[in-house]
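A.B. asks: Just dropping this structure here.
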Amino acid sequence: MTQQSVATSDKLDAAVLKVAGVVVLGAIMSILDVTVVSVALPTFQNEFDASYARVAWTMTAYTLALATVIPLSGWAADRFGTKRLYMVALTLFTIGSGLCATADTIGELIGYRVLQGLGGGMLMPLGMTIMTRAAGPHRIGRLMAVLGIPMLLGPIGGPILGGWLIDTASWHWIFLINLPIGVIALIYAQFALPKDAPEPSESFDFVGMLMLSPGLALFLYGVSSLPEVGTFAEAKVWAPMLVGGALVVAFVLYSFKPRHPLLDLRLFRNRSLTIASVTMFVFIIAFMGAGLLFPSYFLQVRGESTLTAGLLMAPQGIGAMITMPIAGTLADRVPIGRTVPFALGLIVVGFFGFTQVDPQTSYWLLGGSLFVMGLGMGGTMMPIMTSALRTLQAQEVARGSTLVNILQQIGGSVGAAVMSVILTNELNGSRPIPGLVDESGKPVTEAGLAIASQQRPELLQQMPIDPSIIERGLDFAAKAFASTFWVAFALVVLTFIPAAFLPRRRQPAQLDDPQGEQIKTPVVIH
């Protein structure tokens, strides 16, 4: 079969499916890991005696590491070869997983999550590059259907798998389970992936990397430290925020000088890309940030096991599974300016249910809310990212997909930090219990004791506590979650503003090179 016939055939042949198996296996590892860890955050609080804002860094550090290596992966793939780099990414992710299981402190766990994220961040973009080169640009639609599998399985299977492993074994197994999968994926990749053919590549923007990555990390560290110290006046808060903010501003000013910057902000001259990016960024801050708190509510306020919390989150994934394929088909036929606002409306309706939570809110109501949110989620993300890249020229797609993915990861990190800060501040406002202090000498609050008693009922047998204190504490904790959800709800509503400017007329796709050349680097979805 000639190269032309491979590229133009609509079917994914056996050779392509063999390669797809490697990519899907790596994607499942990377995406499942994010959702598995989300249900373990309250467990980390208990195991390491840390605040929610502190343990949320196990998620933030991972996503920041993803954002760091996504732009590097495209350059390195051309320089060193996709197969070699993909196997390095699998190795880093697997070793990082093993180290996470050995962590004795929350600081060690956060550090190992960075290593894990450096590998995980390369798995998706490299996998997409490998698949696109194997299938050819004319089979991207079927390709996205194959790679949509882990995107759909992650929100459903992750919380359930994480909950089951924590309940039946220990939190260590949410990381240890990656070891055999990683070894199998490495062996599979060695035999299934085609040999590398490295070629000359454009220079990598190391100066930009040295400004943007530490700038974001320092800024978010300052934000996440706010609940622990309680004021902006502390150097632990304002100093990293100031330095980090200055580095990010310096990068923005610098990025217009090099020919190949880390993030090509000049692409924002494209109106469609700009509007889609702003819409996606605001949406991700709201939805992804609050999404981490949904299982925490079930665990901390309702006292459910991690497995039950995972099962309670399943309706969201089921909803997304229903609408994502439909939205993908509609995105090629109907302008997204006519479909995304409707999907956002579903998210707003579903989200409202969580702004009303209390210690006895019906699970039928919350399950229905999650299902409706999932329906909206499936009809929002894929069309927005398609719109962001549809009008770019072929030579701009690689830089455009990098920009979109960096914004996606930054939005997720900012959302996680902001929502955990708000929740921790709200919980810190609970009434302290006279005469009761924790190991560090800080007063124990009614909400803090109530949450601890939900996860460790034996505490109430060890100390004589009036049941009304626990009741008041749970009421306060539920209100703290509701207040945080109100902030996220308001941000989702604000997303309607940029979404109103999304294209309402069909736009011609520019993804085919005028000379018929294949696109080397595809749209990256994570």
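Ordering of the structure tokens sets the chain letters (A, B, ...); residue numbers start at 1 within each chain; ligands are numbered from 1 in the order shown.
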Can you tell me, as JSON, numbers by chain, which residues in region 206-313 of chain A count as alpha helix (DSSP H) by DSSP?
C.D. replies: {"A": [206, 207, 208, 209, 210, 211, 212, 213, 214, 215, 216, 217, 218, 219, 220, 221, 222, 223, 224, 225, 226, 227, 228, 229, 235, 236, 237, 238, 239, 240, 241, 242, 243, 244, 245, 246, 247, 248, 249, 250, 251, 252, 253, 254, 271, 272, 273, 274, 275, 276, 277, 278, 279, 280, 281, 282, 283, 284, 285, 286, 287, 288, 289, 290, 291, 293, 294, 295, 296, 297, 298, 299, 300, 306, 307, 308, 309, 310, 311, 312, 313]}
A.B. asks: For Val404 (chain A), list every protein, DNA or RNA residue within 7 Å, evaluated using only C-alpha atoms, and leave out those in the same chain fewer than 4 positions away; present the list as a PyMOL selection string.
C.D. replies: chain A and resi 277+400+408
A.B. asks: Using only C-alpha atoms, find the one residue out of A:Ala56, A:Val414, A:Ala89, A:Ile106 that sits nearest to Leu216 (chain A).
C.D. replies: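 The answer is A:Val414, which sits nearest to Leu216 (chain A).
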A.B. asks: Do a neighbour search on region 488-497 of chain A at 8 Å with only C-alpha atoms, toss out local chain neighbours closer than 3 positions, and write the hits as a PyMOL selection string.
C.D. replies: chain A and resi 279+282-283+285-287+289-290+341+344+347-348+351-352+355+419+484-485+500-501
A.B. asks: Write to file, as an mmCIF file, in the first residue's frame, the residues of the selection just made, with N, CA and C atoms.
C.D. replies:
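Once everything was written out, this is selection-v2.cif:
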```
data_model
loop_
_atom_site.group_PDB
_atom_site.id
_atom_site.type_symbol
_atom_site.label_atom_id
_atom_site.label_comp_id
_atom_site.auth_asym_id
_atom_site.auth_seq_id
_atom_site.Cartn_x
_atom_site.Cartn_y
_atom_site.Cartn_z
ATOM 1 N N THR A 279 -12.463 31.680 26.514
ATOM 2 C CA THR A 279 -13.616 30.897 26.972
ATOM 3 C C THR A 279 -13.156 29.643 27.712
ATOM 4 N N VAL A 282 -11.309 30.485 31.286
ATOM 5 C CA VAL A 282 -12.227 30.826 32.379
ATOM 6 C C VAL A 282 -13.019 29.597 32.813
ATOM 7 N N PHE A 283 -13.466 28.818 31.825
ATOM 8 C CA PHE A 283 -14.247 27.620 32.133
ATOM 9 C C PHE A 283 -13.438 26.614 32.941
ATOM 10 N N ILE A 285 -10.776 27.088 34.879
ATOM 11 C CA ILE A 285 -10.530 27.559 36.248
ATOM 12 C C ILE A 285 -11.719 27.221 37.135
ATOM 13 N N ALA A 286 -12.925 27.492 36.624
ATOM 14 C CA ALA A 286 -14.132 27.255 37.419
ATOM 15 C C ALA A 286 -14.423 25.774 37.584
ATOM 16 N N PHE A 287 -14.483 25.057 36.475
ATOM 17 C CA PHE A 287 -14.985 23.687 36.507
ATOM 18 C C PHE A 287 -13.950 22.713 37.057
ATOM 19 N N GLY A 289 -11.312 23.423 38.944
ATOM 20 C CA GLY A 289 -11.018 23.739 40.335
ATOM 21 C C GLY A 289 -12.076 23.182 41.274
ATOM 22 N N ALA A 290 -13.340 23.425 40.944
ATOM 23 C CA ALA A 290 -14.430 22.922 41.782
ATOM 24 C C ALA A 290 -14.558 21.416 41.670
ATOM 25 N N PRO A 341 -22.925 27.518 24.020
ATOM 26 C CA PRO A 341 -23.749 28.178 25.046
ATOM 27 C C PRO A 341 -24.822 27.256 25.625
ATOM 28 N N LEU A 344 -23.021 25.000 28.032
ATOM 29 C CA LEU A 344 -22.710 25.760 29.243
ATOM 30 C C LEU A 344 -23.947 25.935 30.114
ATOM 31 N N ILE A 347 -24.339 22.957 32.233
ATOM 32 C CA ILE A 347 -23.393 22.965 33.351
ATOM 33 C C ILE A 347 -23.882 23.887 34.458
ATOM 34 N N VAL A 348 -24.402 25.053 34.091
ATOM 35 C CA VAL A 348 -24.908 26.000 35.096
ATOM 36 C C VAL A 348 -26.068 25.387 35.878
ATOM 37 N N PHE A 351 -24.611 22.701 38.127
ATOM 38 C CA PHE A 351 -23.753 23.274 39.159
ATOM 39 C C PHE A 351 -24.572 23.889 40.292
ATOM 40 N N PHE A 352 -25.720 24.454 39.947
ATOM 41 C CA PHE A 352 -26.530 25.126 40.956
ATOM 42 C C PHE A 352 -26.877 24.196 42.114
ATOM 43 N N THR A 355 -24.412 24.360 44.888
ATOM 44 C CA THR A 355 -24.371 25.583 45.696
ATOM 45 C C THR A 355 -25.356 25.519 46.855
ATOM 46 N N MET A 419 -9.598 27.497 44.347
ATOM 47 C CA MET A 419 -10.720 26.876 45.048
ATOM 48 C C MET A 419 -10.293 26.284 46.399
ATOM 49 N N THR A 484 -17.819 27.997 48.400
ATOM 50 C CA THR A 484 -16.794 27.794 47.376
ATOM 51 C C THR A 484 -17.435 27.445 46.040
ATOM 52 N N PHE A 485 -18.469 26.613 46.078
ATOM 53 C CA PHE A 485 -19.165 26.262 44.834
ATOM 54 C C PHE A 485 -19.850 27.481 44.224
ATOM 55 N N ALA A 500 -20.228 34.135 24.029
ATOM 56 C CA ALA A 500 -21.159 34.844 23.151
ATOM 57 C C ALA A 500 -20.480 35.307 21.866
ATOM 58 N N PHE A 501 -19.132 35.378 21.879
ATOM 59 C CA PHE A 501 -18.396 35.839 20.699
ATOM 60 C C PHE A 501 -17.830 34.683 19.874
#
```
A.B. asks: Given only C-alpha atoms as the basis, pick out the residue of A:Asp33, A:Glu108, A:Asp205, A:Asp49 nearest to Gly162 (chain A).
C.D. replies: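 Of A:Asp33, A:Glu108, A:Asp205, A:Asp49, the one nearest Gly162 (chain A), counting only C-alpha atoms, is A:Asp33.
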A.B. asks: Do a neighbour search on Ala185 (chain A) at 8 Å with only C-alpha atoms, toss out local chain neighbours closer than 6 positions, and write the hits as a ChimeraX atom specification.
C.D. replies: /A:22,25-26,90
A.B. asks: Write out, as a compact mmCIF listing (two decimals), in the first residue's frame, the residues just selected, with all heavy atoms.
C.D. replies:
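What ended up in selection.txt:
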```txt
# COMPACT_ATOMS: atom_id res chain seq x y z
N VAL A 22 -0.64 1.23 22.06
CA VAL A 22 0.41 1.79 22.91
C VAL A 22 0.00 3.16 23.43
O VAL A 22 0.12 3.48 24.61
CB VAL A 22 1.74 1.91 22.14
CG1 VAL A 22 2.83 2.51 23.03
CG2 VAL A 22 2.18 0.57 21.61
N LEU A 25 -2.85 3.06 25.97
CA LEU A 25 -2.36 2.56 27.26
C LEU A 25 -1.66 3.67 28.04
O LEU A 25 -1.90 3.86 29.24
CB LEU A 25 -1.41 1.38 27.03
CG LEU A 25 -1.16 0.44 28.21
CD1 LEU A 25 -2.45 -0.16 28.73
CD2 LEU A 25 -0.19 -0.68 27.78
N GLY A 26 -0.80 4.43 27.36
CA GLY A 26 -0.12 5.54 28.02
C GLY A 26 -1.08 6.63 28.44
O GLY A 26 -0.95 7.22 29.52
N LEU A 90 7.36 7.22 29.43
CA LEU A 90 6.79 6.09 30.17
C LEU A 90 7.65 5.71 31.36
O LEU A 90 7.15 5.43 32.46
CB LEU A 90 6.64 4.88 29.24
CG LEU A 90 5.45 4.87 28.27
CD1 LEU A 90 5.58 3.70 27.30
CD2 LEU A 90 4.12 4.79 29.02
```
A.B. asks: I'd like the contact shell of region 239-252 of chain A - 8 Å cut-off, only C-alpha atoms, skipping same-chain residues fewer than 5 positions apart - returned as a tab-separated table (two decimals) with N, CA and C atoms, in the first residue's frame.
C.D. replies:
```tsv
chain	number	residue	atom	x	y	z
A	208	GLY	N	12.81	31.51	27.69
A	208	GLY	CA	11.39	31.59	28.03
A	208	GLY	C	10.99	30.55	29.06
A	211	MET	N	11.81	31.53	32.54
A	211	MET	CA	10.97	32.59	33.10
A	211	MET	C	9.56	32.10	33.43
A	212	LEU	N	8.93	31.38	32.49
A	212	LEU	CA	7.52	31.04	32.65
A	212	LEU	C	7.28	29.96	33.70
A	214	PRO	N	9.13	28.67	36.41
A	214	PRO	CA	9.27	29.06	37.82
A	214	PRO	C	8.35	30.21	38.20
A	215	GLY	N	8.03	31.08	37.23
A	215	GLY	CA	7.12	32.19	37.53
A	215	GLY	C	5.75	31.70	37.96
A	216	LEU	N	5.20	30.74	37.21
A	216	LEU	CA	3.89	30.17	37.56
A	216	LEU	C	3.96	29.42	38.88
A	217	ALA	N	5.02	28.63	39.07
A	217	ALA	CA	5.14	27.84	40.30
A	217	ALA	C	5.23	28.74	41.53
A	218	LEU	N	6.03	29.80	41.45
A	218	LEU	CA	6.18	30.71	42.59
A	218	LEU	C	4.86	31.44	42.88
A	219	PHE	N	4.19	31.91	41.83
A	219	PHE	CA	2.93	32.63	42.04
A	219	PHE	C	1.89	31.74	42.72
A	220	LEU	N	1.74	30.51	42.22
A	220	LEU	CA	0.75	29.60	42.80
A	220	LEU	C	1.15	29.15	44.20
A	221	TYR	N	2.45	29.05	44.46
A	221	TYR	CA	2.89	28.72	45.82
A	221	TYR	C	2.46	29.81	46.79
A	222	GLY	N	2.63	31.08	46.40
A	222	GLY	CA	2.19	32.17	47.25
A	222	GLY	C	0.70	32.16	47.50
A	223	VAL	N	-0.08	31.91	46.43
A	223	VAL	CA	-1.54	31.85	46.57
A	223	VAL	C	-1.94	30.71	47.51
A	265	LEU	N	2.63	33.94	21.58
A	265	LEU	CA	1.48	34.79	21.88
A	265	LEU	C	1.02	35.58	20.67
```
